[in-house]
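Student: Have a look at the structure that comes next, please.
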Amino acid sequence: MLRSIVAPRAAVRASPAWQLARAYSSSTKEYDTVVIGGGPGGYTACIEKRDTLGGTCLNVGCIPSKALLHNSHLFHEAQHGFAKRGIDVGQVKLNLPQLLADKDKAVSGLTRGIEMLFKKNKVDWIKGSGQLKSPTEIEVALNAGGVEQVAAKNIIIATGSEPSPFPGFEIDEKQIITSTGALALEKVPEKMIVIGGGVIGLELGSVWSRLGSQVTVVEYLPAIGAGMDAELAKTFQRSLAKQGIKFKTSTKVVGSEKQNGKVLVAVEGAKSGKQETLEADVVLVSVGRRPYTEGLGLENVGISVDKRSCIQMADEFRTAVSNIRVIGDATVGPMLAHKAEEEGIAAVEYITNGHGHVNYNVIPS
């Protein structure tokens, strides 16, 4: 979970008139701008609760998944592709701890780089969970214990998103996992079921399939890819099927039960109603993501969310409270790191000089 606080020391401190108007106590840190959240949207402008910066993308998202995808491809190619190209390498063995360590090395290198940028640009990073107490006040429950009060003329909410839960499946990140758990399995499961045929589930299912797991993808819709081009989705599915992944499309997941060290997943045909029970060692629940806005104290300042927990924004990324802005996965639009980053830059530009712009028509997906 990420919900943290950071703010630039380089920003001009509140003026004496501002201090007098707010009557802040001497223990309150005061800033021109505070950002809640330290992912691609947040750290461009500024912040984070984790012990490392970078949010979901760098810690448990895009970066580690691509590292595993690349290394699992090399392993799979060495097993199945080298010989036909005239390359004899003998018996290929998987060293999973080293493969995961290489992934962690890629993550730590990038997150430490962001931390260095914070220091270089004199940005304060307050490690803790922030909650809005007023339009200009945030209370931070510090990771190290205790509470810190932070005051700001402007606040940017950049808390990102989290995996969506699925009824009937209690996440333990060991047997029933999200994308986070799929990045750190201690052994290759003999059988894996992926619930949801979107890009995240397919990517991570592909990783573990290449490493030796028997992977079955269960998707409610008639096609995989979560709305991608139909022809592309068919080609993609054929490619994954050649890799060994099985697909059950137009299939509804009814529930799950743990039994004798396995997870039993009850499914039925979305149209036919035909019932079936699938068995797996690990079940990856990958049915999308939702904005991470719970516990922010939005109700304290009169900001509401929609049924998807999404904060609505108006012009210049403003919420219902004009000095509080929202960017990235916490608001409307595609949940993409580069979209959040551009919005973070634009939001700060609006605050500093009154002009900012994001061209949503050219955001790659």
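All residue names refer to the structure tokens as shown: chains lettered A, B, ... in order, residues numbered from 1 in each chain, ligands numbered from 1 in order.
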Counting only C-alpha atoms, what is within 12 Å of range 76-88 of chain A, bar same-chain residues fewer than 3 positions away, as a VMD selection string?

Tutor: chain A and resid 68 to 73 91 to 94 206 to 213 242 to 244

Student: Give me, as a tab-separated table, each residue of range 63-106 of chain A that comes within 12 Å of range 165-180 of chain A, together with its shortest interatomic pair and the distance in Å at one decimal, counting only C-alpha atoms, with rows ordered by chain and rising residue number.

Tutor:
```
residue	atom	partner	partner_atom	distance
A:Ile63	CA	A:Thr180	CA	12.0
A:Pro64	CA	A:Thr180	CA	9.7
A:Ser65	CA	A:Ser179	CA	8.9
```

Student: Generate the output file for the selected residues, C-alpha atoms, as a PDB file, in the first residue's frame.

Tutor:
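Output (result-v5.pdb):
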```pdb
ATOM      1  CA  ILE A  63       9.878  -2.888 -13.621  1.00  0.00           C
ATOM      2  CA  PRO A  64      10.060  -6.188 -11.692  1.00  0.00           C
ATOM      3  CA  SER A  65       7.541  -7.850 -14.024  1.00  0.00           C
TER       4      SER A  65
END
```

Student: Can you tell me which residues surround Thr33 in chain A at a distance of at most 6 Å, considering only C-alpha atoms, apart from same-chain residues fewer than 2 positions away, and format the answer as a PDB file with N, CA, C and O atoms, in the first residue's frame?

Tutor:
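File produced: around28.pdb:
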```
ATOM      1  N   TYR A  31       4.682  23.811   4.070  1.00  0.00           N
ATOM      2  CA  TYR A  31       5.189  23.781   2.704  1.00  0.00           C
ATOM      3  C   TYR A  31       4.232  24.496   1.760  1.00  0.00           C
ATOM      4  O   TYR A  31       3.053  24.683   2.073  1.00  0.00           O
ATOM      5  N   ALA A 152       0.142  22.755   4.134  1.00  0.00           N
ATOM      6  CA  ALA A 152       0.511  23.125   2.770  1.00  0.00           C
ATOM      7  C   ALA A 152      -0.568  24.002   2.141  1.00  0.00           C
ATOM      8  O   ALA A 152      -1.757  23.838   2.412  1.00  0.00           O
ATOM      9  N   ASN A 154      -0.945  23.965  -1.138  1.00  0.00           N
ATOM     10  CA  ASN A 154      -1.447  23.096  -2.201  1.00  0.00           C
ATOM     11  C   ASN A 154      -1.166  21.637  -1.852  1.00  0.00           C
ATOM     12  O   ASN A 154      -0.106  21.316  -1.306  1.00  0.00           O
ATOM     13  N   ILE A 155      -2.109  20.774  -2.193  1.00  0.00           N
ATOM     14  CA  ILE A 155      -1.948  19.332  -1.963  1.00  0.00           C
ATOM     15  C   ILE A 155      -2.251  18.607  -3.272  1.00  0.00           C
ATOM     16  O   ILE A 155      -3.222  18.925  -3.963  1.00  0.00           O
TER      17      ILE A 155
END
```

Student: Mind the document's chain letters and residue numbers, and return as an MDAnalysis selection string the residues of range 135-321 of chain A that DSSP labels alpha helix (DSSP H).

Tutor: chainID A and resid 179:182 199:210 230:243 298:301

Student: Using N, CA and C atoms, can you write the selected residues to a file as a tab-separated table (two decimals), in the first residue's frame?

Tutor:
```tsv
chain	number	residue	atom	x	y	z
A	179	SER	N	-0.82	-9.67	-8.24
A	179	SER	CA	0.39	-9.46	-9.04
A	179	SER	C	1.61	-9.26	-8.15
A	180	THR	N	1.42	-8.71	-6.95
A	180	THR	CA	2.54	-8.52	-6.02
A	180	THR	C	3.13	-9.86	-5.61
A	181	GLY	N	2.28	-10.79	-5.22
A	181	GLY	CA	2.76	-12.11	-4.83
A	181	GLY	C	3.36	-12.89	-5.98
A	182	ALA	N	2.86	-12.64	-7.19
A	182	ALA	CA	3.36	-13.34	-8.37
A	182	ALA	C	4.79	-12.96	-8.71
A	199	VAL	N	-3.89	-7.77	-19.38
A	199	VAL	CA	-2.45	-7.74	-19.67
A	199	VAL	C	-1.60	-8.15	-18.46
A	200	ILE	N	-2.00	-7.79	-17.24
A	200	ILE	CA	-1.20	-8.12	-16.06
A	200	ILE	C	-1.19	-9.62	-15.82
A	201	GLY	N	-2.37	-10.25	-15.85
A	201	GLY	CA	-2.45	-11.68	-15.64
A	201	GLY	C	-1.75	-12.47	-16.72
A	202	LEU	N	-1.87	-12.02	-17.97
A	202	LEU	CA	-1.23	-12.72	-19.08
A	202	LEU	C	0.29	-12.61	-18.99
A	203	GLU	N	0.77	-11.44	-18.63
A	203	GLU	CA	2.21	-11.24	-18.52
A	203	GLU	C	2.81	-12.14	-17.45
A	204	LEU	N	2.22	-12.12	-16.26
A	204	LEU	CA	2.78	-12.90	-15.16
A	204	LEU	C	2.50	-14.40	-15.33
A	205	GLY	N	1.37	-14.73	-15.94
A	205	GLY	CA	1.10	-16.13	-16.26
A	205	GLY	C	2.13	-16.65	-17.24
A	206	SER	N	2.52	-15.81	-18.19
A	206	SER	CA	3.53	-16.18	-19.17
A	206	SER	C	4.88	-16.42	-18.50
A	207	VAL	N	5.23	-15.60	-17.52
A	207	VAL	CA	6.49	-15.76	-16.80
A	207	VAL	C	6.56	-17.15	-16.18
A	208	TRP	N	5.53	-17.53	-15.42
A	208	TRP	CA	5.57	-18.79	-14.69
A	208	TRP	C	5.38	-19.99	-15.61
A	209	SER	N	4.68	-19.78	-16.72
A	209	SER	CA	4.58	-20.84	-17.73
A	209	SER	C	5.96	-21.15	-18.31
A	210	ARG	N	6.72	-20.12	-18.64
A	210	ARG	CA	8.06	-20.31	-19.19
A	210	ARG	C	8.99	-20.99	-18.19
A	230	ALA	N	-9.31	-6.91	-31.61
A	230	ALA	CA	-9.73	-8.30	-31.67
A	230	ALA	C	-8.72	-9.20	-32.40
A	231	GLU	N	-8.21	-8.72	-33.52
A	231	GLU	CA	-7.26	-9.52	-34.28
A	231	GLU	C	-5.96	-9.69	-33.51
A	232	LEU	N	-5.53	-8.62	-32.85
A	232	LEU	CA	-4.33	-8.69	-32.04
A	232	LEU	C	-4.51	-9.66	-30.89
A	233	ALA	N	-5.70	-9.65	-30.25
A	233	ALA	CA	-5.97	-10.54	-29.13
A	233	ALA	C	-5.91	-12.01	-29.58
A	234	LYS	N	-6.46	-12.31	-30.76
A	234	LYS	CA	-6.42	-13.68	-31.28
A	234	LYS	C	-4.99	-14.13	-31.54
A	235	THR	N	-4.20	-13.25	-32.15
A	235	THR	CA	-2.80	-13.58	-32.43
A	235	THR	C	-2.02	-13.78	-31.14
A	236	PHE	N	-2.28	-12.92	-30.17
A	236	PHE	CA	-1.62	-13.00	-28.87
A	236	PHE	C	-1.96	-14.32	-28.18
A	237	GLN	N	-3.24	-14.70	-28.22
A	237	GLN	CA	-3.66	-15.94	-27.57
A	237	GLN	C	-3.02	-17.16	-28.24
A	238	ARG	N	-2.93	-17.15	-29.56
A	238	ARG	CA	-2.28	-18.26	-30.26
A	238	ARG	C	-0.81	-18.39	-29.85
A	239	SER	N	-0.15	-17.24	-29.71
A	239	SER	CA	1.25	-17.24	-29.30
A	239	SER	C	1.42	-17.82	-27.90
A	240	LEU	N	0.56	-17.42	-26.99
A	240	LEU	CA	0.64	-17.92	-25.62
A	240	LEU	C	0.26	-19.40	-25.54
A	241	ALA	N	-0.68	-19.82	-26.38
A	241	ALA	CA	-1.07	-21.22	-26.41
A	241	ALA	C	0.09	-22.10	-26.88
A	242	LYS	N	0.86	-21.62	-27.85
A	242	LYS	CA	2.04	-22.36	-28.31
A	242	LYS	C	3.06	-22.51	-27.19
A	243	GLN	N	3.06	-21.53	-26.28
A	243	GLN	CA	3.97	-21.58	-25.13
A	243	GLN	C	3.52	-22.63	-24.13
A	298	LEU	N	-10.74	11.86	2.91
A	298	LEU	CA	-11.42	12.70	1.92
A	298	LEU	C	-12.71	13.29	2.49
A	299	GLU	N	-13.39	12.49	3.32
A	299	GLU	CA	-14.65	12.96	3.90
A	299	GLU	C	-14.44	14.16	4.82
A	300	ASN	N	-13.22	14.33	5.34
A	300	ASN	CA	-12.94	15.46	6.24
A	300	ASN	C	-12.92	16.79	5.52
A	301	VAL	N	-12.72	16.74	4.20
A	301	VAL	CA	-12.60	17.99	3.43
A	301	VAL	C	-13.69	18.12	2.36
```

Student: DSSP on the backbone, strand (DSSP E) only: what residues of range 61-297 of chain A does that give? Format it as a ChimeraX atom specification.

Tutor: /A:123-126,128-134,137-142,147-157,161-163,176-177,191-195,214-218,246-248,251-259,262-269,275-280,282-285,289-291

Student: Looking at only C-alpha atoms, which of A:Val348, A:Ala270, A:Glu279, A:Gly196 is the one that sits closest to Lys258 in chain A?

Tutor: A:Glu279

Student: One number please: CA of Gly297 in chain A to CA of Leu132 in chain A, in Å, one decimal.

Tutor: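 Straight-line distance from CA of Gly297 in chain A to CA of Leu132 in chain A works out to 4.8 Å.
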
Student: Between A:Glu257, A:Leu142, A:Val287, A:Lys274, which one has atoms that come closest to Leu221 in chain A, using only C-alpha atoms?

Tutor: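 Using only C-alpha atoms, Leu221 in chain A sits closest to A:Val287.
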
Student: Could you please determine the separation between CA of Leu100 in chain A and CA of Cys62 in chain A in Å, to one decimal place?

Tutor: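 So the answer is 14.8 Å.
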
Student: Report the distance between CA of Thr52 in chain A and CA of Glu186 in chain A in Å, rounded to one decimal place.

Tutor: 22.1 Å

Student: Can you pull out every residue within 9 Å of Leu278 in chain A, counting only C-alpha atoms, but drop anything in the same chain fewer than 5 positions away, and send it as a VMD selection string?

Tutor: chain A and resid 193 263 to 267

Student: Which residues, written as a list in words, have at least one atom at most 12 Å from Ala101 in chain A, with only C-alpha atoms counted and residues fewer than 2 positions away on the same chain left out?

Tutor: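 Skipping anything fewer than 2 positions along the chain leaves Pro64, Ala67, Leu68, Asn71, Asn95, Leu96, Pro97, Gln98, Leu99, Lys103, Asp104, Lys105, Ala106, Val107, Ser108, Leu183, Ala184 and Glu186 of chain A.
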
Student: Give the answer as one residue: which of A:Gly90, A:Gly61, A:Gly128, A:Pro222 has the shortest atom-to-atom distance to Gln149 in chain A, using only C-alpha atoms?

Tutor: A:Gly128

Student: Do a neighbour search on range 325-330 of chain A at 7 Å with only C-alpha atoms, toss out local chain neighbours closer than 2 positions, and write the hits as JSON, numbers by chain.

Tutor: {"A": [41, 155, 156, 157, 158, 159, 160, 161, 291, 292, 293, 310, 311, 313, 317, 318, 319, 323, 335, 339, 340, 343, 344]}

Student: Here is a test: counting only C-alpha atoms, which residue of A:Ala314, A:Leu336, A:Val147, A:Val282 is nearest to Leu185 in chain A?

Tutor: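 The shortest atom-to-atom distance to Leu185 in chain A comes from A:Val282.
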
Student: I'd like to know which of A:Val358, A:Val215, A:Leu58, A:Leu284 is closest to Gly109 in chain A, using only C-alpha atoms.

Tutor: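 Among the listed residues, A:Leu58 lies closest to Gly109 in chain A.
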
Student: Applying 8 Å and only C-alpha atoms, which residues near Ser164 in chain A remain after dropping the ones on its own chain fewer than 5 positions away? List them as an MDAnalysis selection string.

Tutor: chainID A and resid 286:290

Student: Using only all heavy atoms, please write the residues we just selected to a file, as a PDB file, in the first residue's frame.

Tutor:
```pdb
ATOM      1  N   SER A 286      -6.240 -11.635 -10.952  1.00  0.00           N
ATOM      2  CA  SER A 286      -5.827 -10.481 -11.747  1.00  0.00           C
ATOM      3  C   SER A 286      -7.022  -9.943 -12.514  1.00  0.00           C
ATOM      4  O   SER A 286      -7.141 -10.110 -13.731  1.00  0.00           O
ATOM      5  CB  SER A 286      -4.700 -10.895 -12.704  1.00  0.00           C
ATOM      6  OG  SER A 286      -4.227  -9.795 -13.433  1.00  0.00           O
ATOM      7  N   VAL A 287      -7.910  -9.295 -11.779  1.00  0.00           N
ATOM      8  CA  VAL A 287      -9.160  -8.810 -12.368  1.00  0.00           C
ATOM      9  C   VAL A 287      -9.189  -7.276 -12.446  1.00  0.00           C
ATOM     10  O   VAL A 287     -10.248  -6.660 -12.424  1.00  0.00           O
ATOM     11  CB  VAL A 287     -10.378  -9.322 -11.570  1.00  0.00           C
ATOM     12  CG1 VAL A 287     -10.521 -10.824 -11.740  1.00  0.00           C
ATOM     13  CG2 VAL A 287     -10.267  -8.951 -10.081  1.00  0.00           C
ATOM     14  N   GLY A 288      -8.016  -6.693 -12.537  1.00  0.00           N
ATOM     15  CA  GLY A 288      -7.943  -5.237 -12.656  1.00  0.00           C
ATOM     16  C   GLY A 288      -7.423  -4.571 -11.392  1.00  0.00           C
ATOM     17  O   GLY A 288      -7.052  -5.235 -10.417  1.00  0.00           O
ATOM     18  N   ARG A 289      -7.413  -3.261 -11.423  1.00  0.00           N
ATOM     19  CA  ARG A 289      -6.937  -2.471 -10.301  1.00  0.00           C
ATOM     20  C   ARG A 289      -7.971  -1.407  -9.959  1.00  0.00           C
ATOM     21  O   ARG A 289      -8.804  -1.043 -10.794  1.00  0.00           O
ATOM     22  CB  ARG A 289      -5.585  -1.813 -10.626  1.00  0.00           C
ATOM     23  CG  ARG A 289      -4.486  -2.831 -10.905  1.00  0.00           C
ATOM     24  CD  ARG A 289      -3.161  -2.144 -11.195  1.00  0.00           C
ATOM     25  NE  ARG A 289      -2.632  -1.418 -10.047  1.00  0.00           N
ATOM     26  CZ  ARG A 289      -1.950  -1.991  -9.058  1.00  0.00           C
ATOM     27  NH1 ARG A 289      -1.715  -3.283  -9.072  1.00  0.00           N
ATOM     28  NH2 ARG A 289      -1.491  -1.265  -8.057  1.00  0.00           N
ATOM     29  N   ARG A 290      -7.915  -0.901  -8.728  1.00  0.00           N
ATOM     30  CA  ARG A 290      -8.832   0.137  -8.290  1.00  0.00           C
ATOM     31  C   ARG A 290      -8.048   1.262  -7.628  1.00  0.00           C
ATOM     32  O   ARG A 290      -6.981   1.022  -7.042  1.00  0.00           O
ATOM     33  CB  ARG A 290      -9.867  -0.422  -7.322  1.00  0.00           C
ATOM     34  CG  ARG A 290      -9.280  -0.908  -6.009  1.00  0.00           C
ATOM     35  CD  ARG A 290     -10.351  -1.470  -5.090  1.00  0.00           C
ATOM     36  NE  ARG A 290      -9.780  -1.910  -3.806  1.00  0.00           N
ATOM     37  CZ  ARG A 290     -10.496  -2.468  -2.839  1.00  0.00           C
ATOM     38  NH1 ARG A 290     -11.797  -2.666  -2.994  1.00  0.00           N
ATOM     39  NH2 ARG A 290      -9.920  -2.832  -1.701  1.00  0.00           N
TER      40      ARG A 290
END
```
